[in-house]
>>> print(open('work_31.pdb').read())   # PDB, C-alpha atoms and all ligand atoms
ATOM      1  CA  MET A  11      14.775   5.094   4.850
ATOM      2  CA  GLY A  12      13.753   5.432   1.206
ATOM      3  CA  VAL A  13      16.319   4.980  -1.569
ATOM      4  CA  VAL A  14      17.038   7.484  -4.331
ATOM      5  CA  ASN A  15      19.708   6.047  -6.614
ATOM      6  CA  VAL A  16      20.892   8.828  -8.924
ATOM      7  CA  THR A  17      22.691   6.285 -11.091
ATOM      8  CA  PRO A  18      22.114   4.865 -14.562
ATOM      9  CA  ASP A  19      22.915   1.310 -13.502
ATOM     10  CA  SER A  20      21.432   0.457 -10.093
ATOM     11  CA  PHE A  21      20.524  -3.210 -10.108
ATOM     12  CA  SER A  22      17.181  -2.847  -8.445
ATOM     13  CA  ASP A  23      15.527   0.152 -10.051
ATOM     14  CA  GLY A  24      17.362   0.124 -13.353
ATOM     15  CA  GLY A  25      18.428   3.757 -13.229
ATOM     16  CA  GLU A  26      14.850   4.948 -13.214
ATOM     17  CA  TRP A  27      15.784   8.028 -11.151
ATOM     18  CA  PHE A  28      18.822   9.102 -13.127
ATOM     19  CA  SER A  29      18.537  12.880 -13.249
ATOM     20  CA  SER A  30      18.426  15.555 -10.570
ATOM     21  CA  GLU A  31      14.830  16.400 -11.347
ATOM     22  CA  ALA A  32      13.706  12.800 -11.224
ATOM     23  CA  GLY A  33      15.779  12.150  -8.099
ATOM     24  CA  VAL A  34      14.206  15.058  -6.243
ATOM     25  CA  ARG A  35      10.725  14.076  -7.384
ATOM     26  CA  HIS A  36      11.266  10.502  -6.258
ATOM     27  CA  GLY A  37      12.594  11.707  -2.903
ATOM     28  CA  PHE A  38       9.361  13.598  -2.298
ATOM     29  CA  GLU A  39       7.352  10.552  -3.361
ATOM     30  CA  LEU A  40       9.168   8.399  -0.821
ATOM     31  CA  LEU A  41       8.522  10.957   1.916
ATOM     32  CA  GLY A  42       4.872  11.032   0.917
ATOM     33  CA  GLU A  43       4.779   7.254   1.259
ATOM     34  CA  GLY A  44       5.991   7.476   4.850
ATOM     35  CA  ALA A  45       9.792   7.422   4.631
ATOM     36  CA  ASP A  46      11.464   9.360   7.456
ATOM     37  CA  ILE A  47      14.838   9.599   5.703
ATOM     38  CA  VAL A  48      15.765   9.843   2.013
ATOM     39  CA  ASP A  49      19.063   8.140   1.120
ATOM     40  CA  VAL A  50      20.662   9.702  -1.964
ATOM     41  CA  GLY A  51      23.402   7.760  -3.770
ATOM     42  CA  GLY A  52      25.384   8.491  -6.936
ATOM     43  CA  GLU A  53      27.501   5.374  -7.224
ATOM     44  CA  SER A  54      26.056   1.954  -7.878
ATOM     45  CA  THR A  55      27.089  -0.852  -5.531
ATOM     46  CA  ARG A  56      25.427  -3.462  -7.744
ATOM     47  CA  PRO A  57      27.518  -6.660  -7.830
ATOM     48  CA  GLY A  58      30.183  -6.200 -10.493
ATOM     49  CA  ALA A  59      29.687  -2.404 -10.763
ATOM     50  CA  VAL A  60      32.754  -0.277 -11.474
ATOM     51  CA  ARG A  61      33.466   2.951  -9.590
ATOM     52  CA  VAL A  62      32.492   6.391 -10.864
ATOM     53  CA  PRO A  63      34.872   9.364 -10.556
ATOM     54  CA  GLU A  64      34.364  11.639  -7.565
ATOM     55  CA  ALA A  65      33.338  14.633  -9.698
ATOM     56  CA  GLN A  66      30.593  12.606 -11.319
ATOM     57  CA  GLU A  67      29.351  11.305  -7.985
ATOM     58  CA  LEU A  68      29.213  14.873  -6.634
ATOM     59  CA  ALA A  69      27.390  16.139  -9.723
ATOM     60  CA  ARG A  70      24.768  13.451  -9.246
ATOM     61  CA  VAL A  71      24.077  13.731  -5.537
ATOM     62  CA  ILE A  72      24.674  17.335  -4.418
ATOM     63  CA  PRO A  73      21.827  19.018  -6.364
ATOM     64  CA  VAL A  74      19.359  16.379  -5.165
ATOM     65  CA  ILE A  75      20.496  16.646  -1.545
ATOM     66  CA  GLU A  76      20.341  20.461  -1.636
ATOM     67  CA  ARG A  77      16.787  20.504  -2.928
ATOM     68  CA  LEU A  78      15.449  17.845  -0.570
ATOM     69  CA  ALA A  79      17.225  19.250   2.497
ATOM     70  CA  ALA A  80      16.072  22.794   1.692
ATOM     71  CA  ALA A  81      12.516  21.489   1.753
ATOM     72  CA  GLY A  82      13.068  20.123   5.266
ATOM     73  CA  ALA A  83      13.682  16.454   4.451
ATOM     74  CA  VAL A  84      16.066  14.367   6.552
ATOM     75  CA  VAL A  85      18.620  13.364   3.923
ATOM     76  CA  SER A  86      21.307  10.740   3.992
ATOM     77  CA  VAL A  87      24.152  10.465   1.474
ATOM     78  CA  ASP A  88      25.099   6.980   0.307
ATOM     79  CA  THR A  89      28.817   7.281  -0.344
ATOM     80  CA  THR A  90      32.138   5.665   0.481
ATOM     81  CA  ARG A  91      34.111   8.872  -0.173
ATOM     82  CA  ALA A  92      34.927  11.258   2.711
ATOM     83  CA  SER A  93      35.054  14.225   0.319
ATOM     84  CA  VAL A  94      31.553  13.476  -0.992
ATOM     85  CA  ALA A  95      30.290  12.951   2.567
ATOM     86  CA  GLU A  96      31.642  16.343   3.644
ATOM     87  CA  ARG A  97      30.156  18.148   0.643
ATOM     88  CA  ALA A  98      26.840  16.367   1.179
ATOM     89  CA  VAL A  99      26.662  17.426   4.831
ATOM     90  CA  ALA A 100      27.476  21.003   3.768
ATOM     91  CA  ALA A 101      24.571  20.687   1.292
ATOM     92  CA  GLY A 102      22.211  19.647   4.087
ATOM     93  CA  ALA A 103      22.595  15.875   4.552
ATOM     94  CA  ARG A 104      22.271  14.778   8.173
ATOM     95  CA  LEU A 105      23.411  11.180   7.762
ATOM     96  CA  ILE A 106      26.398   9.609   6.040
ATOM     97  CA  ASN A 107      25.596   6.112   4.810
ATOM     98  CA  ASP A 108      28.865   4.366   4.016
ATOM     99  CA  VAL A 109      28.536   0.837   2.635
ATOM    100  CA  SER A 110      32.267   0.345   3.265
ATOM    101  CA  GLY A 111      32.087   1.164   6.982
ATOM    102  CA  GLY A 112      35.069   3.479   6.537
ATOM    103  CA  LEU A 113      37.272   0.902   4.839
ATOM    104  CA  ALA A 114      37.154   2.376   1.322
ATOM    105  CA  ASP A 115      38.498   5.781   2.344
ATOM    106  CA  PRO A 116      40.875   6.233   5.279
ATOM    107  CA  SER A 117      39.685   9.836   5.680
ATOM    108  CA  MET A 118      36.074   8.854   6.372
ATOM    109  CA  GLY A 119      36.395   8.486  10.161
ATOM    110  CA  ARG A 120      37.826  11.969  10.517
ATOM    111  CA  ALA A 121      35.153  13.427   8.222
ATOM    112  CA  VAL A 122      32.422  11.783  10.291
ATOM    113  CA  ALA A 123      33.979  13.106  13.496
ATOM    114  CA  GLU A 124      34.265  16.634  12.084
ATOM    115  CA  THR A 125      30.767  16.811  10.615
ATOM    116  CA  GLY A 126      29.090  15.252  13.673
ATOM    117  CA  ALA A 127      26.621  13.555  11.304
ATOM    118  CA  VAL A 128      24.936  10.243  12.027
ATOM    119  CA  TYR A 129      27.079   7.548  10.396
ATOM    120  CA  VAL A 130      25.730   4.276   9.037
ATOM    121  CA  CYS A 131      28.626   1.830   9.252
ATOM    122  CA  MET A 132      27.900  -1.159   7.031
ATOM    123  CA  HIS A 133      29.725  -4.481   7.020
ATOM    124  CA  TRP A 134      31.886  -4.604   3.889
ATOM    125  CA  ARG A 135      34.864  -6.533   2.620
ATOM    126  CA  GLY A 136      35.582  -5.021  -0.795
ATOM    127  CA  HIS A 137      34.226  -3.061  -3.738
ATOM    128  CA  ALA A 138      31.412  -4.365  -5.913
ATOM    129  CA  ASP A 139      33.708  -5.708  -8.611
ATOM    130  CA  VAL A 140      35.392  -8.154  -6.203
ATOM    131  CA  MET A 141      32.965  -8.672  -3.317
ATOM    132  CA  ASP A 142      31.538 -11.960  -4.562
ATOM    133  CA  SER A 143      34.990 -13.532  -4.159
ATOM    134  CA  LEU A 144      35.248 -12.400  -0.515
ATOM    135  CA  GLU A 145      32.403 -14.335   1.044
ATOM    136  CA  VAL A 146      34.419 -16.697   3.194
ATOM    137  CA  TYR A 147      33.167 -16.960   6.778
ATOM    138  CA  ASP A 148      33.715 -19.316   9.704
ATOM    139  CA  ASP A 149      30.418 -18.210  11.208
ATOM    140  CA  VAL A 150      28.793 -15.395   9.258
ATOM    141  CA  VAL A 151      26.988 -13.879  12.266
ATOM    142  CA  ALA A 152      30.014 -13.906  14.585
ATOM    143  CA  ASP A 153      32.377 -12.750  11.828
ATOM    144  CA  VAL A 154      30.162  -9.825  10.773
ATOM    145  CA  ARG A 155      29.647  -8.820  14.420
ATOM    146  CA  ASP A 156      33.379  -8.933  15.141
ATOM    147  CA  GLU A 157      34.314  -7.037  11.989
ATOM    148  CA  LEU A 158      31.726  -4.344  12.737
ATOM    149  CA  GLY A 159      32.997  -4.185  16.313
ATOM    150  CA  ALA A 160      36.485  -3.566  14.937
ATOM    151  CA  ARG A 161      35.145  -0.793  12.683
ATOM    152  CA  LEU A 162      33.423   0.823  15.652
ATOM    153  CA  ALA A 163      36.694   0.838  17.582
ATOM    154  CA  ALA A 164      38.593   2.273  14.588
ATOM    155  CA  LEU A 165      36.003   5.026  14.170
ATOM    156  CA  GLU A 166      36.268   5.950  17.825
ATOM    157  CA  ALA A 167      40.043   6.129  17.448
ATOM    158  CA  ASP A 168      39.411   8.694  14.677
ATOM    159  CA  GLY A 169      37.341  10.797  17.057
ATOM    160  CA  VAL A 170      33.848   9.577  16.110
ATOM    161  CA  ARG A 171      31.442   9.409  19.053
ATOM    162  CA  ARG A 172      29.717   6.037  19.490
ATOM    163  CA  GLU A 173      26.379   7.866  19.603
ATOM    164  CA  GLN A 174      26.877   8.897  15.980
ATOM    165  CA  VAL A 175      27.067   5.319  14.722
ATOM    166  CA  VAL A 176      24.383   3.015  13.338
ATOM    167  CA  LEU A 177      25.462  -0.515  12.358
ATOM    168  CA  ASP A 178      24.347  -2.464   9.293
ATOM    169  CA  PRO A 179      25.015  -6.158   8.486
ATOM    170  CA  GLY A 180      25.511  -5.352   4.785
ATOM    171  CA  LEU A 181      23.122  -7.869   3.283
ATOM    172  CA  GLY A 182      24.269  -8.974  -0.162
ATOM    173  CA  PHE A 183      27.743  -7.444   0.221
ATOM    174  CA  ALA A 184      30.204 -10.356   0.112
ATOM    175  CA  LYS A 185      27.198 -12.448   1.116
ATOM    176  CA  SER A 186      25.176 -14.334  -1.413
ATOM    177  CA  GLY A 187      22.074 -16.450  -1.000
ATOM    178  CA  ASP A 188      21.627 -18.187   2.294
ATOM    179  CA  LEU A 189      24.418 -16.298   4.073
ATOM    180  CA  ASN A 190      21.961 -13.426   4.525
ATOM    181  CA  TRP A 191      19.271 -15.223   6.513
ATOM    182  CA  PRO A 192      21.294 -15.926   9.683
ATOM    183  CA  LEU A 193      22.219 -12.231   9.837
ATOM    184  CA  LEU A 194      18.532 -11.308   9.790
ATOM    185  CA  ALA A 195      17.556 -14.031  12.225
ATOM    186  CA  ARG A 196      20.333 -12.974  14.618
ATOM    187  CA  LEU A 197      20.042  -9.189  14.633
ATOM    188  CA  ASP A 198      20.447  -9.502  18.412
ATOM    189  CA  ALA A 199      24.121 -10.337  17.816
ATOM    190  CA  LEU A 200      24.599  -6.909  16.214
ATOM    191  CA  HIS A 201      22.498  -5.200  18.864
ATOM    192  CA  ALA A 202      24.958  -6.635  21.389
ATOM    193  CA  LEU A 203      27.470  -4.067  20.088
ATOM    194  CA  GLY A 204      25.251  -1.470  21.719
ATOM    195  CA  ARG A 205      24.302   0.582  18.677
ATOM    196  CA  PRO A 206      21.117   0.858  16.586
ATOM    197  CA  VAL A 207      20.894  -1.401  13.537
ATOM    198  CA  LEU A 208      19.794  -0.596   9.982
ATOM    199  CA  VAL A 209      18.693  -3.398   7.643
ATOM    200  CA  GLY A 210      19.024  -3.103   3.858
ATOM    201  CA  ALA A 211      17.345  -6.136   2.307
ATOM    202  CA  SER A 212      15.270  -4.316  -0.290
ATOM    203  CA  ARG A 213      15.014  -6.140  -3.645
ATOM    204  CA  LYS A 214      18.303  -7.955  -3.068
ATOM    205  CA  ARG A 215      19.480 -11.087  -4.890
ATOM    206  CA  PHE A 216      18.845 -13.410  -1.956
ATOM    207  CA  LEU A 217      15.161 -12.456  -2.176
ATOM    208  CA  GLY A 218      15.144 -13.125  -5.915
ATOM    209  CA  ARG A 219      16.512 -16.534  -5.141
ATOM    210  CA  LEU A 220      14.018 -17.197  -2.333
ATOM    211  CA  LEU A 221      11.127 -16.326  -4.641
ATOM    212  CA  ALA A 222      12.524 -18.090  -7.718
ATOM    213  CA  THR A 223      10.198 -20.004  -9.957
ATOM    214  CA  GLY A 224      10.862 -23.201 -11.889
ATOM    215  CA  ASN A 225      13.029 -26.148 -10.956
ATOM    216  CA  GLY A 226      16.030 -28.129 -12.096
ATOM    217  CA  ASP A 227      18.073 -26.259 -14.715
ATOM    218  CA  VAL A 228      15.451 -23.607 -15.425
ATOM    219  CA  VAL A 229      15.201 -21.756 -12.115
ATOM    220  CA  GLU A 230      14.409 -18.055 -12.703
ATOM    221  CA  PRO A 231      15.098 -15.660  -9.830
ATOM    222  CA  ALA A 232      12.226 -13.268  -9.136
ATOM    223  CA  ARG A 233      12.792  -9.900 -10.834
ATOM    224  CA  PRO A 234      13.823  -6.981  -8.552
ATOM    225  CA  LEU A 235      10.402  -5.303  -8.748
ATOM    226  CA  ALA A 236       8.752  -8.601  -7.777
ATOM    227  CA  ARG A 237      10.677  -8.598  -4.474
ATOM    228  CA  ASP A 238       8.858  -5.719  -2.767
ATOM    229  CA  GLU A 239       6.321  -7.835  -0.864
ATOM    230  CA  ALA A 240       9.123  -9.999   0.531
ATOM    231  CA  THR A 241      11.011  -6.796   1.367
ATOM    232  CA  ALA A 242       8.005  -5.537   3.346
ATOM    233  CA  ALA A 243       7.825  -8.846   5.222
ATOM    234  CA  ILE A 244      11.457  -8.387   6.206
ATOM    235  CA  SER A 245      10.700  -4.814   7.295
ATOM    236  CA  ALA A 246       8.041  -6.077   9.701
ATOM    237  CA  LEU A 247      10.268  -8.805  11.090
ATOM    238  CA  ALA A 248      13.242  -6.450  11.348
ATOM    239  CA  ALA A 249      11.094  -3.967  13.271
ATOM    240  CA  VAL A 250       9.961  -6.687  15.680
ATOM    241  CA  SER A 251      13.630  -7.620  16.111
ATOM    242  CA  GLY A 252      14.415  -4.066  17.183
ATOM    243  CA  ALA A 253      15.910  -2.614  13.989
ATOM    244  CA  TRP A 254      16.287   1.168  14.025
ATOM    245  CA  ALA A 255      15.516   1.536  10.309
ATOM    246  CA  VAL A 256      15.038  -0.376   7.095
ATOM    247  CA  ARG A 257      16.442   0.929   3.800
ATOM    248  CA  VAL A 258      13.893   0.274   1.038
ATOM    249  CA  HIS A 259      13.017   1.221  -2.525
ATOM    250  CA  ALA A 260       9.230   1.028  -2.071
ATOM    251  CA  ALA A 261       8.428   2.991   1.066
ATOM    252  CA  ARG A 262       4.670   2.591   1.428
ATOM    253  CA  ALA A 263       4.596  -1.172   1.922
ATOM    254  CA  SER A 264       7.434  -1.106   4.435
ATOM    255  CA  HIS A 265       5.949   1.881   6.257
ATOM    256  CA  ASP A 266       2.720  -0.074   6.692
ATOM    257  CA  ALA A 267       4.631  -3.220   7.656
ATOM    258  CA  VAL A 268       6.533  -1.324  10.347
ATOM    259  CA  ARG A 269       3.311   0.201  11.665
ATOM    260  CA  VAL A 270       1.815  -3.275  11.962
ATOM    261  CA  ALA A 271       4.907  -4.467  13.807
ATOM    262  CA  ALA A 272       4.783  -1.487  16.170
ATOM    263  CA  ALA A 273       1.109  -2.022  16.991
ATOM    264  CA  TRP A 274       1.742  -5.732  17.528
ATOM    265  CA  ALA A 275       4.703  -5.087  19.825
ATOM    266  CA  ALA A 276       2.930  -2.346  21.768
ATOM    267  CA  ALA A 277      -0.013  -4.638  22.458
ATOM    268  CA  GLY A 278       2.168  -7.431  23.790
ATOM    269  CA  GLU A 279       4.881  -5.743  25.790
ATOM    270  CA  GLU A 280       5.396  -3.420  28.694
ATOM    271  CA  PRO A 281       7.074  -0.187  27.591
ATOM    272  CA  SER A 282      10.775  -0.801  28.223
ATOM    273  CA  GLY A 283      12.332   2.544  27.331
ATOM    274  CA  GLU A 284      15.190   3.106  24.989
ATOM    275  CA  LYS A 285      16.710  -0.102  23.641
ATOM    276  CA  ASP A 286      19.921   1.000  21.983
ATOM    277  CA  GLY A 287      20.500   4.541  23.078
ATOM    278  CA  GLU A 288      19.774   7.615  21.025
ATOM    279  CA  VAL A 289      21.450   8.311  17.731
ATOM    280  CA  GLY A 290      22.847  11.764  18.236
ATOM    281  CA  THR A 291      24.254  14.434  16.005
ATOM    282  CA  ALA A 292      26.573  17.152  17.250
TER     283      ALA A 292
HETATM  284  N1  LIG B 301      22.586  -1.603   0.000
HETATM  285  C1  LIG B 301      22.805  -0.959  -1.158
HETATM  286  C2  LIG B 301      23.222   0.383  -1.160
HETATM  287  N2  LIG B 301      23.401   1.048  -0.005
HETATM  288  N3  LIG B 301      23.357   1.085   2.345
HETATM  289  C3  LIG B 301      23.162   0.472   3.512
HETATM  290  N4  LIG B 301      23.358   1.129   4.673
HETATM  291  N5  LIG B 301      22.770  -0.832   3.579
HETATM  292  C4  LIG B 301      22.566  -1.569   2.451
HETATM  293  O1  LIG B 301      22.225  -2.757   2.568
HETATM  294  C5  LIG B 301      22.768  -0.943   1.185
HETATM  295  C6  LIG B 301      23.176   0.413   1.180
HETATM  296  C7  LIG B 301      22.619  -1.679  -2.457
HETATM  297  O2  LIG B 301      21.322  -1.626  -2.903
HETATM  298  P1  LIG B 301      20.755  -0.612  -4.047
HETATM  299  O3  LIG B 301      21.752  -0.580  -5.178
HETATM  300  O4  LIG B 301      19.475  -1.154  -4.453
HETATM  301  O5  LIG B 301      20.608   0.742  -3.443
END
>>> encode(input="work_31.pdb", output="structure tokens")
Amino acid sequence: MGVVNVTPDSFSDGGEWFSSEAGVRHGFELLGEGADIVDVGGESTRPGAVRVPEAQELARVIPVIERLAAAGAVVSVDTTRASVAERAVAAGARLINDVSGGLADPSMGRAVAETGAVYVCMHWRGHADVMDSLEVYDDVVADVRDELGARLAALEADGVRREQVVLDPGLGFAKSGDLNWPLLARLDALHALGRPVLVGASRKRFLGRLLATGNGDVVEPARPLARDEATAAISALAAVSGAWAVRVHAARASHDAVRVAAAWAAAGEEPSGEKDGEVGTA
């Protein structure tokens, strides 16, 4: 899944794709680099970011989704708003990627059920302006699994079919630094919920910290663009761990990494059939 942030303030690509034209062009670039899905978002979830009004979010994402979908691309909309999700599906999006897992908008479950779209349900505890204060866990892996399990049950109560849902540990969301590594190392705990898993590690702060230079008081985190090689390494490891997709800003390196992982796995294992069940749309 390649990322098109149609925002002026995304932390990782600095608003480079902030216009419909540029967003569409970048979407095609990502597809050309091997992305299977283009994820279009109009609201930054950068730590500390403030919300944009719904009308502005719609004005950013709908034209880009329409153009990419009309050209045959599989498009996902990155939104926490049910109204934006519905309009995006009407414009051709086939996936709804909700970083709040339905918690930001009580109407989301019903919208997902009605559209029949694939729904990425990410682990989330609060909006970007407060999330850093919410990272209190007894056991981050068990807590994230249990909270996602609760979201899955709530979605089903709203009429969403389990087969529509993909789960996501929400790296970097109410999780700083070393809290992210156990979630990656224990993707099996999320797979135990019986749904496919998407991993979004691309260019995130915990990678900047891992790759930091200097020591003592002068430690400099690696810049977002200097995190792409580490992102590709995670893509390979996530693929080996059975992830359904990785959400990345630089598609080519991760596409190659995933191909390496697939060749490696195919050479070492007996074919075992479907691992998590199909992700199905209506
Ligand atoms: N991360 C961001 C935005 N959307 N969606 C999913 N499903 N998973 C993520 O980890 C995720 C996401 C934040 O990163 P960005 O601002 O660089 O897009």
>>> residues_near_ligand(input="work_31.pdb", ligand="ligand LIG 301 (chain B)", cutoff="6 Å", atoms="all atoms listed in the file", output="list in words")
Ser20, Phe21, Ser22, Ser54, Thr55, Arg56, Asn107, Val109, Val130, Met132, Asp178, Gly180, Leu181, Gly210 and Ala211 of chain A
>>> atom_distance(input="work_31.pdb", atom1="atom CA of Gly169 of chain A", atom2="atom CA of Glu124 of chain A")
8.3 Å
>>> closest_residue(input="work_31.pdb", among="A:Ala240, A:Val71, A:Ala199, A:Val154", to="Ala253 of chain A", atoms="all atoms listed in the file")
A:Ala199
>>> closest_residue(input="work_31.pdb", among="A:Val207, A:Ala277, A:Leu194, A:Ala138", to="Val62 of chain A", atoms="only C-alpha atoms")
A:Ala138
>>> atom_distance(input="work_31.pdb", atom1="atom CA of Leu165 of chain A", atom2="atom CA of Asp149 of chain A")
24.1 Å
>>> resolve_selection(input="work_31.pdb", expression="the PyMOL selection byres (((chain A and resi 47-52) around 7) and not hetatm)", output="list in words")
Met11, Gly12, Val13, Val14, Asn15, Val16, Thr17, Gly37, Ala45, Asp46, Glu53, Ser54, Glu67, Arg70, Val71, Ile75, Val84, Val85, Ser86, Val87, Asp88 and Thr89 of chain A
>>> write_last_selection(input="work_31.pdb", atoms="C-alpha atoms", output="mmCIF file, in the frame of the given file")
data_model
loop_
_atom_site.group_PDB
_atom_site.id
_atom_site.type_symbol
_atom_site.label_atom_id
_atom_site.label_comp_id
_atom_site.auth_asym_id
_atom_site.auth_seq_id
_atom_site.Cartn_x
_atom_site.Cartn_y
_atom_site.Cartn_z
ATOM 1 C CA MET A 11 14.775 5.094 4.850
ATOM 2 C CA GLY A 12 13.753 5.432 1.206
ATOM 3 C CA VAL A 13 16.319 4.980 -1.569
ATOM 4 C CA VAL A 14 17.038 7.484 -4.331
ATOM 5 C CA ASN A 15 19.708 6.047 -6.614
ATOM 6 C CA VAL A 16 20.892 8.828 -8.924
ATOM 7 C CA THR A 17 22.691 6.285 -11.091
ATOM 8 C CA GLY A 37 12.594 11.707 -2.903
ATOM 9 C CA ALA A 45 9.792 7.422 4.631
ATOM 10 C CA ASP A 46 11.464 9.360 7.456
ATOM 11 C CA GLU A 53 27.501 5.374 -7.224
ATOM 12 C CA SER A 54 26.056 1.954 -7.878
ATOM 13 C CA GLU A 67 29.351 11.305 -7.985
ATOM 14 C CA ARG A 70 24.768 13.451 -9.246
ATOM 15 C CA VAL A 71 24.077 13.731 -5.537
ATOM 16 C CA ILE A 75 20.496 16.646 -1.545
ATOM 17 C CA VAL A 84 16.066 14.367 6.552
ATOM 18 C CA VAL A 85 18.620 13.364 3.923
ATOM 19 C CA SER A 86 21.307 10.740 3.992
ATOM 20 C CA VAL A 87 24.152 10.465 1.474
ATOM 21 C CA ASP A 88 25.099 6.980 0.307
ATOM 22 C CA THR A 89 28.817 7.281 -0.344
#
>>> closest_residue(input="work_31.pdb", among="A:Ala69, A:Val209, A:Ala242, A:Leu235", to="Gly182 of chain A", atoms="all atoms listed in the file")
A:Val209
>>> atom_distance(input="work_31.pdb", atom1="atom CA of Gly204 of chain A", atom2="atom CA of Ala83 of chain A")
27.4 Å
>>> residues_around(input="work_31.pdb", residues="Ala243 of chain A", least_positions_apart="3", cutoff="9 Å", atoms="all atoms listed in the file", output="JSON list (two decimals) with C-alpha atoms, in the frame of the given file")
[["chain", "number", "residue", "atom", "x", "y", "z"],
["A", 238, "ASP", "CA", 8.86, -5.72, -2.77],
["A", 239, "GLU", "CA", 6.32, -7.84, -0.86],
["A", 240, "ALA", "CA", 9.12, -10.00, 0.53],
["A", 246, "ALA", "CA", 8.04, -6.08, 9.70],
["A", 247, "LEU", "CA", 10.27, -8.80, 11.09],
["A", 248, "ALA", "CA", 13.24, -6.45, 11.35],
["A", 263, "ALA", "CA", 4.60, -1.17, 1.92],
["A", 264, "SER", "CA", 7.43, -1.11, 4.43],
["A", 267, "ALA", "CA", 4.63, -3.22, 7.66]]
>>> residues_around(input="work_31.pdb", residues="Val150 of chain A", least_positions_apart="2", cutoff="9 Å", atoms="only C-alpha atoms", output="ChimeraX atom specification")
/A:146-148,152-155,185,189-190,192-193
>>> resolve_selection(input="work_31.pdb", expression="the PyMOL selection byres (((chain A and resi 170-177) around 7) and not hetatm)", output="PyMOL selection string")
chain A and resi 119+122-123+127-132+165-166+168-169+178-179+205-208+288-291
>>> residues_around(input="work_31.pdb", residues="Leu220 of chain A", least_positions_apart="6", cutoff="12 Å", atoms="all atoms listed in the file", output="list in words")
Ser186, Gly187, Asp188, Asn190, Trp191, Arg213, Lys214, Val229, Glu230, Pro231, Ala232, Arg233, Pro234, Ala236, Arg237, Ala240 and Thr241 of chain A
>>> write_last_selection(input="work_31.pdb", atoms="C-alpha atoms", output="PDB file, in the frame of the given file")
ATOM      1  CA  SER A 186      25.176 -14.334  -1.413  1.00  0.00           C
ATOM      2  CA  GLY A 187      22.074 -16.450  -1.000  1.00  0.00           C
ATOM      3  CA  ASP A 188      21.627 -18.187   2.294  1.00  0.00           C
ATOM      4  CA  ASN A 190      21.961 -13.426   4.525  1.00  0.00           C
ATOM      5  CA  TRP A 191      19.271 -15.223   6.513  1.00  0.00           C
ATOM      6  CA  ARG A 213      15.014  -6.140  -3.645  1.00  0.00           C
ATOM      7  CA  LYS A 214      18.303  -7.955  -3.068  1.00  0.00           C
ATOM      8  CA  VAL A 229      15.201 -21.756 -12.115  1.00  0.00           C
ATOM      9  CA  GLU A 230      14.409 -18.055 -12.703  1.00  0.00           C
ATOM     10  CA  PRO A 231      15.098 -15.660  -9.830  1.00  0.00           C
ATOM     11  CA  ALA A 232      12.226 -13.268  -9.136  1.00  0.00           C
ATOM     12  CA  ARG A 233      12.792  -9.900 -10.834  1.00  0.00           C
ATOM     13  CA  PRO A 234      13.823  -6.981  -8.552  1.00  0.00           C
ATOM     14  CA  ALA A 236       8.752  -8.601  -7.777  1.00  0.00           C
ATOM     15  CA  ARG A 237      10.677  -8.598  -4.474  1.00  0.00           C
ATOM     16  CA  ALA A 240       9.123  -9.999   0.531  1.00  0.00           C
ATOM     17  CA  THR A 241      11.011  -6.796   1.367  1.00  0.00           C
TER      18      THR A 241
END
>>> axis_aligned_box(input="work_31.pdb", around="segment 39-58 of chain A", padding_each_side="4 Å", output="lines of an AutoDock Vina configuration file")
center_x = 17.5
center_y = 2.2
center_z = -1.5
size_x = 33.4
size_y = 25.7
size_z = 25.9
>>> closest_residue(input="work_31.pdb", among="A:Val270, A:Ala222, A:Leu68, A:Leu40", to="Val258 of chain A", atoms="only C-alpha atoms")
A:Leu40
>>> residues_around(input="work_31.pdb", residues="His137 of chain A", least_positions_apart="6", cutoff="9 Å", atoms="all atoms listed in the file", output="number ranges by chain")
A: 55, 57-61, 110, 114, 183
>>> closest_residue(input="work_31.pdb", among="A:Leu41, A:Ala98, A:Leu200, A:Ile72", to="Ser29 of chain A", atoms="only C-alpha atoms")
A:Ile72
